[in-house]
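Below is the file data-v1.txt, which contains compact mmCIF, C-alpha atoms.
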# COMPACT_ATOMS: atom_id res chain seq x y z
CA MET A 1 0.00 0.00 0.00
CA THR A 2 1.53 3.31 -1.06
CA ASN A 3 0.67 7.02 -1.00
CA GLY A 4 -2.32 6.43 1.25
CA GLU A 5 -4.10 4.34 -1.41
CA PRO A 6 -6.19 1.36 -0.23
CA LEU A 7 -4.68 -2.11 -0.32
CA ARG A 8 -5.44 -4.02 -3.53
CA TYR A 9 -6.00 -7.79 -3.60
CA VAL A 10 -6.27 -9.68 -6.89
CA ALA A 11 -7.13 -13.38 -7.13
CA LEU A 12 -6.09 -15.54 -10.12
CA GLY A 13 -7.26 -19.09 -10.67
CA ASP A 14 -9.98 -21.52 -11.67
CA SER A 15 -13.25 -22.74 -10.14
CA GLN A 16 -11.94 -22.94 -6.57
CA THR A 17 -10.90 -19.28 -6.67
CA GLU A 18 -14.16 -18.38 -8.40
CA GLY A 19 -15.92 -19.99 -5.43
CA VAL A 20 -17.68 -23.03 -6.92
CA GLY A 21 -19.08 -25.12 -4.06
CA ASP A 22 -19.76 -22.08 -1.87
CA GLY A 23 -23.12 -20.77 -3.07
CA ASP A 24 -24.37 -21.17 -6.63
CA ASP A 25 -24.90 -19.26 -9.85
CA THR A 26 -28.36 -18.13 -8.69
CA VAL A 27 -27.53 -16.64 -5.28
CA GLY A 28 -23.89 -15.97 -6.19
CA LEU A 29 -20.60 -17.63 -5.34
CA ARG A 30 -18.52 -16.70 -2.33
CA GLY A 31 -15.44 -18.93 -2.11
CA PHE A 32 -12.06 -18.70 -0.41
CA ALA A 33 -10.93 -15.60 -2.32
CA ASP A 34 -14.00 -13.61 -1.24
CA ARG A 35 -13.49 -14.86 2.31
CA LEU A 36 -9.78 -13.98 2.24
CA ALA A 37 -10.71 -10.50 1.01
CA GLU A 38 -12.89 -10.17 4.11
CA HIS A 39 -9.93 -11.15 6.34
CA LEU A 40 -7.77 -8.56 4.58
CA ALA A 41 -10.47 -5.88 4.72
CA ALA A 42 -10.82 -6.34 8.48
CA ALA A 43 -7.11 -5.51 8.83
CA HIS A 44 -7.01 -2.95 6.00
CA PRO A 45 -10.25 -0.93 5.79
CA GLY A 46 -10.95 0.29 2.29
CA LEU A 47 -9.44 -2.80 0.67
CA LEU A 48 -10.15 -3.12 -3.06
CA TYR A 49 -10.65 -6.67 -4.34
CA ALA A 50 -10.72 -8.16 -7.86
CA ASN A 51 -11.22 -11.81 -8.78
CA LEU A 52 -10.16 -12.82 -12.30
CA ALA A 53 -10.85 -16.54 -11.88
CA VAL A 54 -12.83 -18.57 -14.41
CA ARG A 55 -13.88 -22.15 -13.78
CA GLY A 56 -12.41 -24.94 -15.89
CA ARG A 57 -9.23 -23.04 -16.79
CA LEU A 58 -5.90 -24.85 -17.09
CA ALA A 59 -2.79 -23.24 -15.61
CA GLY A 60 -1.46 -22.12 -19.00
CA ARG A 61 -4.69 -20.40 -19.92
CA ILE A 62 -4.84 -18.72 -16.51
CA ARG A 63 -1.36 -17.30 -17.12
CA ALA A 64 -2.27 -16.22 -20.67
CA GLU A 65 -5.61 -14.63 -19.79
CA GLN A 66 -5.34 -13.44 -16.19
CA LEU A 67 -1.72 -12.46 -15.52
CA GLY A 68 -1.69 -9.37 -17.76
CA PRO A 69 -4.95 -7.94 -16.38
CA ALA A 70 -3.78 -8.73 -12.85
CA LEU A 71 -0.55 -6.77 -13.34
CA GLU A 72 -2.52 -3.84 -14.75
CA LEU A 73 -4.50 -3.71 -11.50
CA ARG A 74 -1.26 -3.16 -9.51
CA PRO A 75 -2.03 -5.59 -6.68
CA ASP A 76 -0.43 -5.35 -3.26
CA VAL A 77 -1.59 -8.90 -2.52
CA ALA A 78 -2.32 -11.68 -5.01
CA THR A 79 -3.30 -15.34 -4.78
CA VAL A 80 -2.49 -17.87 -7.48
CA VAL A 81 -4.18 -21.23 -6.95
CA ALA A 82 -4.35 -23.49 -10.02
CA GLY A 83 -3.34 -26.87 -11.38
CA VAL A 84 -6.12 -29.26 -10.37
CA ASN A 85 -7.77 -29.09 -13.80
CA ASP A 86 -4.40 -29.94 -15.33
CA LEU A 87 -3.70 -32.97 -13.16
CA LEU A 88 -7.06 -34.45 -14.15
CA ARG A 89 -6.01 -34.48 -17.81
CA PRO A 90 -4.44 -37.61 -19.38
CA ARG A 91 -1.35 -35.74 -20.60
CA PHE A 92 -0.56 -34.05 -17.29
CA ASP A 93 2.99 -32.71 -17.00
CA ALA A 94 3.80 -31.50 -13.48
CA ALA A 95 6.90 -29.61 -14.60
CA GLU A 96 4.94 -27.75 -17.29
CA VAL A 97 2.11 -26.82 -14.92
CA ALA A 98 4.50 -25.69 -12.19
CA GLY A 99 6.34 -23.65 -14.82
CA GLU A 100 3.14 -21.77 -15.67
CA LEU A 101 2.56 -21.08 -11.99
CA GLU A 102 6.15 -19.95 -11.52
CA GLU A 103 5.81 -17.44 -14.37
CA MET A 104 2.89 -15.91 -12.51
CA PHE A 105 4.77 -15.98 -9.20
CA ALA A 106 7.77 -14.26 -10.80
CA ALA A 107 5.81 -11.55 -12.59
CA LEU A 108 3.58 -10.67 -9.63
CA THR A 109 6.36 -10.58 -7.06
CA ALA A 110 8.56 -8.54 -9.42
CA ALA A 111 5.71 -6.03 -9.60
CA GLY A 112 5.78 -5.71 -5.82
CA ALA A 113 2.85 -7.93 -4.87
CA ARG A 114 2.84 -10.20 -1.84
CA VAL A 115 1.81 -13.53 -3.37
CA ALA A 116 0.25 -16.58 -1.76
CA THR A 117 -0.59 -20.01 -3.12
CA ALA A 118 -1.77 -23.33 -1.69
CA THR A 119 -0.92 -27.01 -1.95
CA PHE A 120 -3.52 -29.64 -2.76
CA PRO A 121 -4.71 -32.43 -0.42
CA ASP A 122 -4.66 -36.14 -1.23
CA VAL A 123 -7.54 -36.51 -3.68
CA GLY A 124 -7.56 -40.28 -3.09
CA ARG A 125 -8.78 -39.68 0.46
CA ILE A 126 -11.55 -37.41 -0.80
CA ALA A 127 -12.71 -39.57 -3.72
CA PRO A 128 -11.41 -43.17 -3.49
CA MET A 129 -11.79 -43.63 -7.25
CA ALA A 130 -9.19 -40.86 -7.69
CA ARG A 131 -6.42 -42.72 -5.81
CA PRO A 132 -4.35 -43.21 -8.99
CA LEU A 133 -3.91 -39.41 -9.10
CA ARG A 134 -2.05 -39.33 -5.76
CA PRO A 135 1.48 -39.35 -7.29
CA ARG A 136 0.51 -36.45 -9.58
CA VAL A 137 -0.72 -34.40 -6.63
CA ASP A 138 2.45 -35.13 -4.64
CA GLU A 139 4.72 -34.13 -7.54
CA LEU A 140 2.78 -30.95 -8.30
CA ASN A 141 2.83 -29.93 -4.64
CA ALA A 142 6.60 -30.45 -4.44
CA ARG A 143 7.18 -28.36 -7.55
CA VAL A 144 4.84 -25.61 -6.35
CA ARG A 145 6.73 -25.41 -3.05
CA ASP A 146 10.06 -25.14 -4.88
CA ALA A 147 8.77 -22.46 -7.27
CA ALA A 148 7.23 -20.51 -4.41
CA ALA A 149 10.49 -20.61 -2.44
CA ARG A 150 12.41 -19.19 -5.40
CA HIS A 151 10.17 -16.11 -5.53
CA GLY A 152 9.30 -15.47 -1.90
CA VAL A 153 5.72 -16.69 -2.37
CA VAL A 154 4.02 -17.90 0.81
CA VAL A 155 2.33 -21.30 0.79
CA ALA A 156 -0.81 -22.34 2.65
CA GLU A 157 0.00 -25.99 3.34
CA THR A 158 -3.49 -27.40 3.13
CA ALA A 159 -1.97 -30.62 1.79
CA ARG A 160 -0.41 -31.32 5.19
CA ALA A 161 -3.51 -30.67 7.30
CA ALA A 162 -5.47 -33.82 8.16
CA VAL A 163 -8.74 -31.89 8.20
CA ALA A 164 -8.33 -31.06 4.50
CA THR A 165 -9.53 -34.54 3.52
CA ASP A 166 -12.53 -34.58 5.85
CA PRO A 167 -15.57 -35.12 3.57
CA ARG A 168 -17.34 -32.16 5.19
CA MET A 169 -14.68 -29.90 3.70
CA TRP A 170 -15.85 -30.85 0.19
CA SER A 171 -19.00 -30.35 -1.82
CA THR A 172 -20.97 -33.30 -3.17
CA ASP A 173 -18.97 -33.31 -6.41
CA ARG A 174 -15.73 -33.88 -4.38
CA LEU A 175 -13.88 -31.57 -6.74
CA HIS A 176 -14.73 -28.28 -5.07
CA ALA A 177 -14.55 -27.20 -1.47
CA SER A 178 -17.75 -26.83 0.55
CA PRO A 179 -18.54 -23.53 2.28
CA LEU A 180 -16.68 -24.86 5.33
CA GLY A 181 -13.76 -25.91 3.13
CA HIS A 182 -13.58 -22.52 1.44
CA ALA A 183 -13.62 -20.85 4.86
CA ARG A 184 -10.72 -23.03 6.05
CA ILE A 185 -8.70 -22.38 2.87
CA ALA A 186 -9.20 -18.64 3.31
CA ALA A 187 -8.04 -18.88 6.92
CA ALA A 188 -4.99 -20.90 5.85
CA LEU A 189 -4.04 -18.26 3.27
CA ALA A 190 -4.61 -15.50 5.83
CA GLU A 191 -2.23 -17.24 8.22
CA ALA A 192 0.37 -17.73 5.45
CA LEU A 193 0.13 -14.01 4.66
CA ALA A 194 0.37 -13.16 8.38
CA VAL A 195 -2.87 -11.16 8.24
CA PRO A 196 -3.47 -9.63 11.70
CA GLY A 197 -5.83 -11.79 13.71
CA SER A 198 -5.09 -14.99 11.75
CA ASP A 199 -3.85 -18.19 13.38
CA ASP A 200 -3.65 -21.94 12.81
CA ALA A 201 -7.19 -22.70 13.98
CA TRP A 202 -8.07 -23.69 10.40
CA GLN A 203 -6.16 -26.94 10.97
CA ARG A 204 -8.34 -28.07 13.88
CA PRO A 205 -10.17 -31.38 13.26
CA LEU A 206 -13.93 -31.50 12.98
CA PRO A 207 -16.08 -33.59 15.34
CA PRO A 208 -15.91 -37.33 14.56
CA LEU A 209 -18.21 -38.67 11.86
CA ARG A 210 -20.44 -41.68 12.40
CA PRO A 211 -18.88 -44.60 10.44
CA ARG A 212 -20.74 -45.62 7.29
CA THR A 213 -21.52 -49.21 6.40
CA ALA A 214 -19.83 -50.80 3.40
CA VAL A 215 -23.16 -50.79 1.57
CA ARG A 216 -23.67 -47.05 2.12
CA THR A 217 -20.09 -46.34 1.10
CA ALA A 218 -20.47 -48.31 -2.14
CA ALA A 219 -23.78 -46.60 -2.88
CA ALA A 220 -22.21 -43.20 -2.33
CA GLU A 221 -19.36 -44.02 -4.72
CA LEU A 222 -21.76 -45.19 -7.42
CA GLY A 223 -23.90 -42.10 -6.95
CA TRP A 224 -20.87 -39.83 -7.23
CA ALA A 225 -19.66 -41.60 -10.38
CA ALA A 226 -23.07 -41.30 -12.03
CA GLY A 227 -23.82 -37.77 -10.90
CA PHE A 228 -20.44 -36.09 -11.29
CA LEU A 229 -17.71 -38.24 -12.77
CA GLY A 230 -19.78 -39.32 -15.77
CA PRO A 231 -20.82 -35.80 -16.80
CA TRP A 232 -17.25 -34.55 -16.28
CA LEU A 233 -15.88 -37.28 -18.57
CA GLY A 234 -18.59 -36.45 -21.09
CA ARG A 235 -17.45 -32.84 -21.27
CA ARG A 236 -13.83 -33.97 -21.76
CA LEU A 237 -14.83 -36.23 -24.65
CA ARG A 238 -16.74 -33.36 -26.28
CA GLY A 239 -13.84 -30.98 -25.75
CA ALA A 240 -16.11 -28.78 -23.64
CA SER A 241 -15.32 -26.92 -20.42
CA SER A 242 -17.47 -25.72 -17.54
CA GLY A 243 -15.94 -22.29 -18.17
CA ASP A 244 -16.96 -21.99 -21.81
CA GLY A 245 -18.53 -18.58 -22.41
CA ARG A 246 -17.64 -17.31 -18.93
CA THR A 247 -15.58 -14.27 -18.03
CA ALA A 248 -13.83 -13.07 -14.88
CA LYS A 249 -15.98 -13.10 -11.76
CA ARG A 250 -14.96 -9.64 -10.52
CA PRO A 251 -12.69 -7.98 -13.11
CA ARG A 252 -12.48 -4.55 -11.43
CA PRO A 253 -11.16 -3.84 -7.92
CA LEU A 254 -14.14 -3.02 -5.74
CA PRO A 255 -14.61 -2.47 -2.01
CA VAL A 256 -15.45 -5.53 0.07
CA THR A 257 -19.04 -5.40 1.27

Show me the file's structure as C-alpha cells.
Amino acid sequence: MTNGEPLRYVALGDSQTEGVGDGDDTVGLRGFADRLAEHLAAAHPGLLYANLAVRGRLAGRIRAEQLGPALELRPDVATVVAGVNDLLRPRFDAAEVAGELEEMFAALTAAGARVATATFPDVGRIAPMARPLRPRVDELNARVRDAAARHGVVVAETARAAVATDPRMWSTDRLHASPLGHARIAAALAEALAVPGSDDAWQRPLPPLRPRTAVRTAAAELGWAAGFLGPWLGRRLRGASSGDGRTAKRPRPLPVT
C-alpha cells in the first residue's frame, strides 16, 4: 500500500478461486478468495478486491488470460491457486504446470505484490476412485513449493492438514470445497500471509463422523460416479469446459461489502 491508497488484492485461478461449491450461480458464489478479502479488509479498511478466476481453466490459460490484467491492476496482494484441472487431464505434465505457476509468481512478485498459493490435499482420500492421481498431486505440490520458495511466495500448506480430507470440507462433487472448506482455505491463506488476527485454527479437526456401512459407502461411490464423474468425462470427450462462455468473476477492484 503506497501514497495512502487502499490495499489491492487480486485473485487468479480456476473454479476454486471463483468460489464453486460455496453458493451457486443463482444466489452468487462466495469462495475462499471472497473470504480472504474479508480477512484482509478487516485488517485494512478500504481494501479493493478483484477476482479474475474462471472455472475450468488450465494453468497455462490462466497465465495467458489473467496475468496481464492482474498486473494492470497493480495488486499489493495476489493469490495464485491453479493446477487441479491440469492434473485431471491424461497428458498431465507437473513440470509444465509448475512452470506456468512460476511465471505468474515471478511476474507478480517482481511487480511488488505479496503472493500466496496453496498445496492440494490427497484426492484419493476425498474420492477413493481418484487414488491413482495421488502421485501427480504429490509431484505438483513439491514443484509448487520449490517455485514458491524461489520467488518469496508464501504457501498455505493445506496438503499437510489432516482436516483437508474430511468429507465435510468438500461439496458433493468432491472436486470443489464446501462452504466450510472454502472458509478453512481462506483462513490458511490469511495465516500464510500473516494477516493480523489470523492463526492456525483452520487446521483443527472436525467432530468425529459416524462410520458408514460398506453398503452405504459403495452406494455413495456409485452415486458420485453417475452424478459427477460421468458428466465430467462427457465434457472432456466433447472438448467442452465448464468455463466456456464465462468471463472473470470480478474484473475490477471493488470495495469488500

Distance query A:Val84 at most 9 Å, only C-alpha atoms, self and fewer than 2 positions along chain excluded, as a count of residues only: 11

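Among the candidate residues A:Gly99, A:Gly68, A:Pro251, A:Pro132, the one lying nearest to A:Glu18 is A:Pro251, with distances computed using all atoms listed in the file.
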
Distance criterion (all atoms listed in the file): nearest to A:Asp25 out of A:Arg91, A:Gly56, A:Leu140, A:Arg246: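 With all atoms listed in the file as the atom set, the closest residue is A:Arg246.
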
Hey, can you check how far atom CA of A:Val154 sits from atom CA of A:Ala64?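 According to the coordinates, atom CA of A:Val154 and atom CA of A:Ala64 are separated by 22.4 Å.
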
Leaving out A:Glu100 and any residue of its chain fewer than 2 positions from it, which residues lie within 7 Å of it when counting only C-alpha atoms, given as an mmCIF file with C-alpha atoms, in the coordinates of the input?
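The resulting file, part.cif, is reproduced below:
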data_model
loop_
_atom_site.group_PDB
_atom_site.id
_atom_site.type_symbol
_atom_site.label_atom_id
_atom_site.label_comp_id
_atom_site.auth_asym_id
_atom_site.auth_seq_id
_atom_site.Cartn_x
_atom_site.Cartn_y
_atom_site.Cartn_z
ATOM 1 C CA ALA A 59 -2.790 -23.240 -15.610
ATOM 2 C CA GLY A 60 -1.460 -22.120 -19.000
ATOM 3 C CA ARG A 63 -1.360 -17.300 -17.120
ATOM 4 C CA GLU A 96 4.940 -27.750 -17.290
ATOM 5 C CA VAL A 97 2.110 -26.820 -14.920
ATOM 6 C CA ALA A 98 4.500 -25.690 -12.190
ATOM 7 C CA GLU A 102 6.150 -19.950 -11.520
ATOM 8 C CA GLU A 103 5.810 -17.440 -14.370
ATOM 9 C CA MET A 104 2.890 -15.910 -12.510
#

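For the pair atom CA of A:Arg8 and atom CA of A:Gly31, the interatomic distance is 18.0 Å.
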
Using only C-alpha atoms for the distances, tell me which of A:Asn85, A:Asn141, A:Thr109, A:Ser15 is nearest to A:Ala177. A:Ser15

Taking the point (-7.6, 4.2, -1.9) as given in the file, collect each protein or nucleic acid residue that comes within 8 Å of it, counting all atoms listed in the file, and present the set as a PyMOL selection string. chain A and resi 4-7+46-48

Would you work out the distance separating atom CA of A:Val27 from atom CA of A:Leu67, expressed in Å to one decimal?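 Here the two named atoms are 28.1 Å from each other.
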
Got a sec to check which residues sit within 10 Å of (-6.5, -11.0, -0.8), counting all atoms listed in the file, and write them as a PyMOL selection string? chain A and resi 7-11+32-41+47-51+75-79+114-116+186+189-190+193+195

In terms of the shortest atom-to-atom distance over all atoms listed in the file, which of A:Val144, A:Val80, A:Leu12, A:Val20 is closest to A:Ser171?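 Counting all atoms listed in the file, the residue closest to A:Ser171 is A:Val20.
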
Of the candidates A:Gln16, A:Ala248, A:Ala94, A:Asp22, which one gets nearest to A:Ser178 if we count all atoms listed in the file? A:Asp22

Which polymer residues have any atom within 10 Å of an atom of A:Ala201, counting only C-alpha atoms, with same-chain residues fewer than 5 positions away left out, as a PyMOL selection string? chain A and resi 184+187-188+191

I need the residue nearest A:Arg55 from this list: A:Leu101, A:Thr247, A:Arg125, A:Glu72. Use only C-alpha atoms for the distance.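 Checking each candidate against A:Arg55, we get A:Thr247 as the closest.
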
Spatial neighbours of A:Thr165, max dist 8 Å, all atoms listed in the file, sep filter under 5 positions, as a VMD selection string: chain A and resid 121 to 123 125 to 126

I'd like the neighbourhood of A:Pro196 as a list in words, where a residue qualifies if any of its atoms comes within 7 Å (using all atoms listed in the file), though same-chain residues fewer than 2 positions away should be ignored.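 Once the nearby chain positions are removed, what remains is Ala43, Ala194 and Ser198 of chain A.
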